[in-house]
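Asker: Structure provided below as structure tokens; questions to follow.
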Amino acid sequence: MRIYLVRHGRTEYNEQGIVQGGEVNSDLTEVGIEGALQAGEKLKEINFDKVYASPLGRTMATAKYLLKGQGKSEDETIYPLEGFKEFMFGSWEGKKVSELKEHPQYFNLKQAPEKYDPTEMGGETYSQLVARSYAELEKLAKHHAESDTVLVVSHAVTITTLLKYLQGYVVADFRRDGLVDNTSISIVETCDKGKTWKVLKING
């Protein structure tokens, strides 16, 4: 089974430097829409057996425009997956990054993931994020045939940390190489119903 992981297109909050996690959403910009259409064009020859997305508006919209870029019908069903929502930042969501930079946990969020403690904000840890996204990945592997190819549209931190985990990285190294780009394409594959995974492409 092969899974194409695509990050959503650029959003208004991305432009404004506002924290946008698993509970806050903003619309795609024109650049974001164009990026999703271009991603669809890149994947034009891929026939997806099923299309999934985080249930947030920016990911569902990206999936829709990606399918349009492929030349597919706008009526094609996009199935929501809760486990692929973005990192939960708690009370930080909707706030400007510039307001948070002096918080002692902000450095850990970006530079020392293993020390990041979101208790005060009511958010989740990196380990909790990976646990839920990997559990969702395992469900997909068990649900689909080995020959299936599916699309999952998700988020920057969710996709990045999941890919790192599949490659065997520890939490301390989850942010070492930055995050995947908007509308980037990553590919993972399993040939044994999710017992083992191979990362074929990152941030393409």
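We name chains A, B, ... following the order of the structure tokens; residues begin at 1 in each chain, and ligands are numbered from 1 as shown.
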Can you list every residue in stretch 16-141 of chain A that DSSP puts in strand (DSSP E), as a list of chain:residue names?
Answerer: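 Restricting stretch 16-141 of chain A to strand (DSSP E) produces A:Lys50, A:Val51, A:Tyr52, A:Ala53, A:Tyr79, A:Pro80.
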Asker: For A:Val51, find every residue with an atom within 7 Å (counting only C-alpha atoms), except residues of its own chain fewer than 6 positions away, and show them as JSON, numbers by chain.
Answerer: {"A": [78, 79, 150, 151, 152]}
Asker: Store the residues picked out above in a file with C-alpha atoms, as a compact mmCIF listing (two decimals), in the first residue's frame.
Answerer:
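After the write, result11.txt holds the following:
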```
# COMPACT_ATOMS: atom_id res chain seq x y z
CA ILE A 78 -12.99 13.23 0.63
CA TYR A 79 -13.02 11.24 3.86
CA VAL A 150 -4.36 6.63 -1.23
CA LEU A 151 -4.00 10.36 -0.70
CA VAL A 152 -3.87 11.96 2.76
```
Asker: Among chain A, which ones does DSSP place in helix (DSSP H, G or I), written as a PyMOL selection string?
Answerer: chain A and resi 12-16+30-42+57-70+82-84+90-92+97-100+104-111+113-115+126-143+156-166+171-173
Asker: Need to verify the contact set: A:Asn14, 12 Å, only C-alpha atoms, exclusion of same-chain residues closer than 6 positions in sequence. Can you return it as a VMD selection string?
Answerer: chain A and resid 8 20 to 21 24 to 29 31 to 32 58 94 to 97 155 to 156 181 to 182
Asker: Hey, can you spit out that residue selection with N, CA and C atoms as a JSON list (two decimals), in the first residue's frame?
Answerer:
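Dumped to again06.json:
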```json
[["chain", "number", "residue", "atom", "x", "y", "z"],
["A", 8, "HIS", "N", -1.27, 20.87, 3.43],
["A", 8, "HIS", "CA", -2.25, 21.82, 2.88],
["A", 8, "HIS", "C", -1.56, 23.03, 2.24],
["A", 20, "GLN", "N", -1.64, 28.16, 14.07],
["A", 20, "GLN", "CA", -2.78, 27.47, 13.46],
["A", 20, "GLN", "C", -2.63, 25.98, 13.69],
["A", 21, "GLY", "N", -3.25, 25.51, 14.76],
["A", 21, "GLY", "CA", -3.09, 24.10, 15.10],
["A", 21, "GLY", "C", -4.30, 23.27, 14.74],
["A", 24, "VAL", "N", -7.88, 25.49, 15.19],
["A", 24, "VAL", "CA", -8.08, 26.79, 14.55],
["A", 24, "VAL", "C", -7.82, 26.66, 13.06],
["A", 25, "ASN", "N", -8.60, 27.34, 12.26],
["A", 25, "ASN", "CA", -8.45, 27.25, 10.82],
["A", 25, "ASN", "C", -8.52, 28.62, 10.17],
["A", 26, "SER", "N", -7.88, 28.75, 9.01],
["A", 26, "SER", "CA", -8.05, 29.93, 8.17],
["A", 26, "SER", "C", -8.06, 29.48, 6.72],
["A", 27, "ASP", "N", -8.59, 30.32, 5.85],
["A", 27, "ASP", "CA", -8.78, 29.94, 4.45],
["A", 27, "ASP", "C", -7.46, 29.91, 3.68],
["A", 28, "LEU", "N", -7.47, 29.15, 2.60],
["A", 28, "LEU", "CA", -6.33, 29.14, 1.70],
["A", 28, "LEU", "C", -6.21, 30.50, 1.00],
["A", 29, "THR", "N", -4.99, 30.94, 0.78],
["A", 29, "THR", "CA", -4.75, 32.14, -0.02],
["A", 29, "THR", "C", -4.78, 31.74, -1.49],
["A", 31, "VAL", "N", -2.28, 31.90, -3.40],
["A", 31, "VAL", "CA", -1.05, 31.11, -3.55],
["A", 31, "VAL", "C", -1.29, 29.67, -3.10],
["A", 32, "GLY", "N", -2.04, 29.52, -2.01],
["A", 32, "GLY", "CA", -2.34, 28.19, -1.50],
["A", 32, "GLY", "C", -3.20, 27.37, -2.45],
["A", 58, "ARG", "N", -8.82, 23.93, 5.84],
["A", 58, "ARG", "CA", -7.70, 24.16, 4.92],
["A", 58, "ARG", "C", -7.21, 22.88, 4.25],
["A", 94, "GLY", "N", -4.45, 30.63, 17.42],
["A", 94, "GLY", "CA", -5.09, 31.90, 17.08],
["A", 94, "GLY", "C", -4.29, 33.11, 17.52],
["A", 95, "LYS", "N", -3.18, 32.89, 18.23],
["A", 95, "LYS", "CA", -2.34, 34.00, 18.68],
["A", 95, "LYS", "C", -1.18, 34.21, 17.71],
["A", 96, "LYS", "N", -0.68, 35.44, 17.67],
["A", 96, "LYS", "CA", 0.45, 35.74, 16.81],
["A", 96, "LYS", "C", 1.73, 35.15, 17.41],
["A", 97, "VAL", "N", 2.56, 34.60, 16.54],
["A", 97, "VAL", "CA", 3.83, 34.03, 16.97],
["A", 97, "VAL", "C", 4.67, 35.08, 17.70],
["A", 155, "HIS", "N", -1.04, 18.20, 7.73],
["A", 155, "HIS", "CA", -0.44, 19.45, 8.21],
["A", 155, "HIS", "C", 1.07, 19.33, 8.41],
["A", 156, "ALA", "N", 1.70, 20.48, 8.57],
["A", 156, "ALA", "CA", 3.17, 20.55, 8.63],
["A", 156, "ALA", "C", 3.77, 19.71, 9.75],
["A", 181, "ASP", "N", 7.07, 21.59, 3.41],
["A", 181, "ASP", "CA", 6.54, 22.82, 2.82],
["A", 181, "ASP", "C", 5.05, 22.68, 2.48],
["A", 182, "ASN", "N", 4.40, 23.82, 2.31],
["A", 182, "ASN", "CA", 3.01, 23.83, 1.85],
["A", 182, "ASN", "C", 2.90, 23.10, 0.52]]
```
Asker: Counting only C-alpha atoms, what are the residues of stretch 24-136 of chain A within 10 Å of stretch 161-170 of chain A, and for each of them which pair of atoms is the nearest and at what distance in Å, to one decimal? Sort the table by chain and rising number, as CSV.
Answerer:
```
residue,atom,partner,partner_atom,distance
A:Phe84,CA,A:Leu162,CA,9.8
A:Phe87,CA,A:Thr161,CA,9.8
A:Pro113,CA,A:Val170,CA,9.7
A:Glu114,CA,A:Val170,CA,8.6
A:Tyr126,CA,A:Thr161,CA,7.8
A:Ser127,CA,A:Thr161,CA,9.2
A:Leu129,CA,A:Thr161,CA,8.0
A:Val130,CA,A:Leu162,CA,5.8
A:Ala131,CA,A:Leu162,CA,8.9
A:Arg132,CA,A:Leu162,CA,9.7
A:Ser133,CA,A:Leu162,CA,6.8
A:Tyr134,CA,A:Leu162,CA,6.8
```
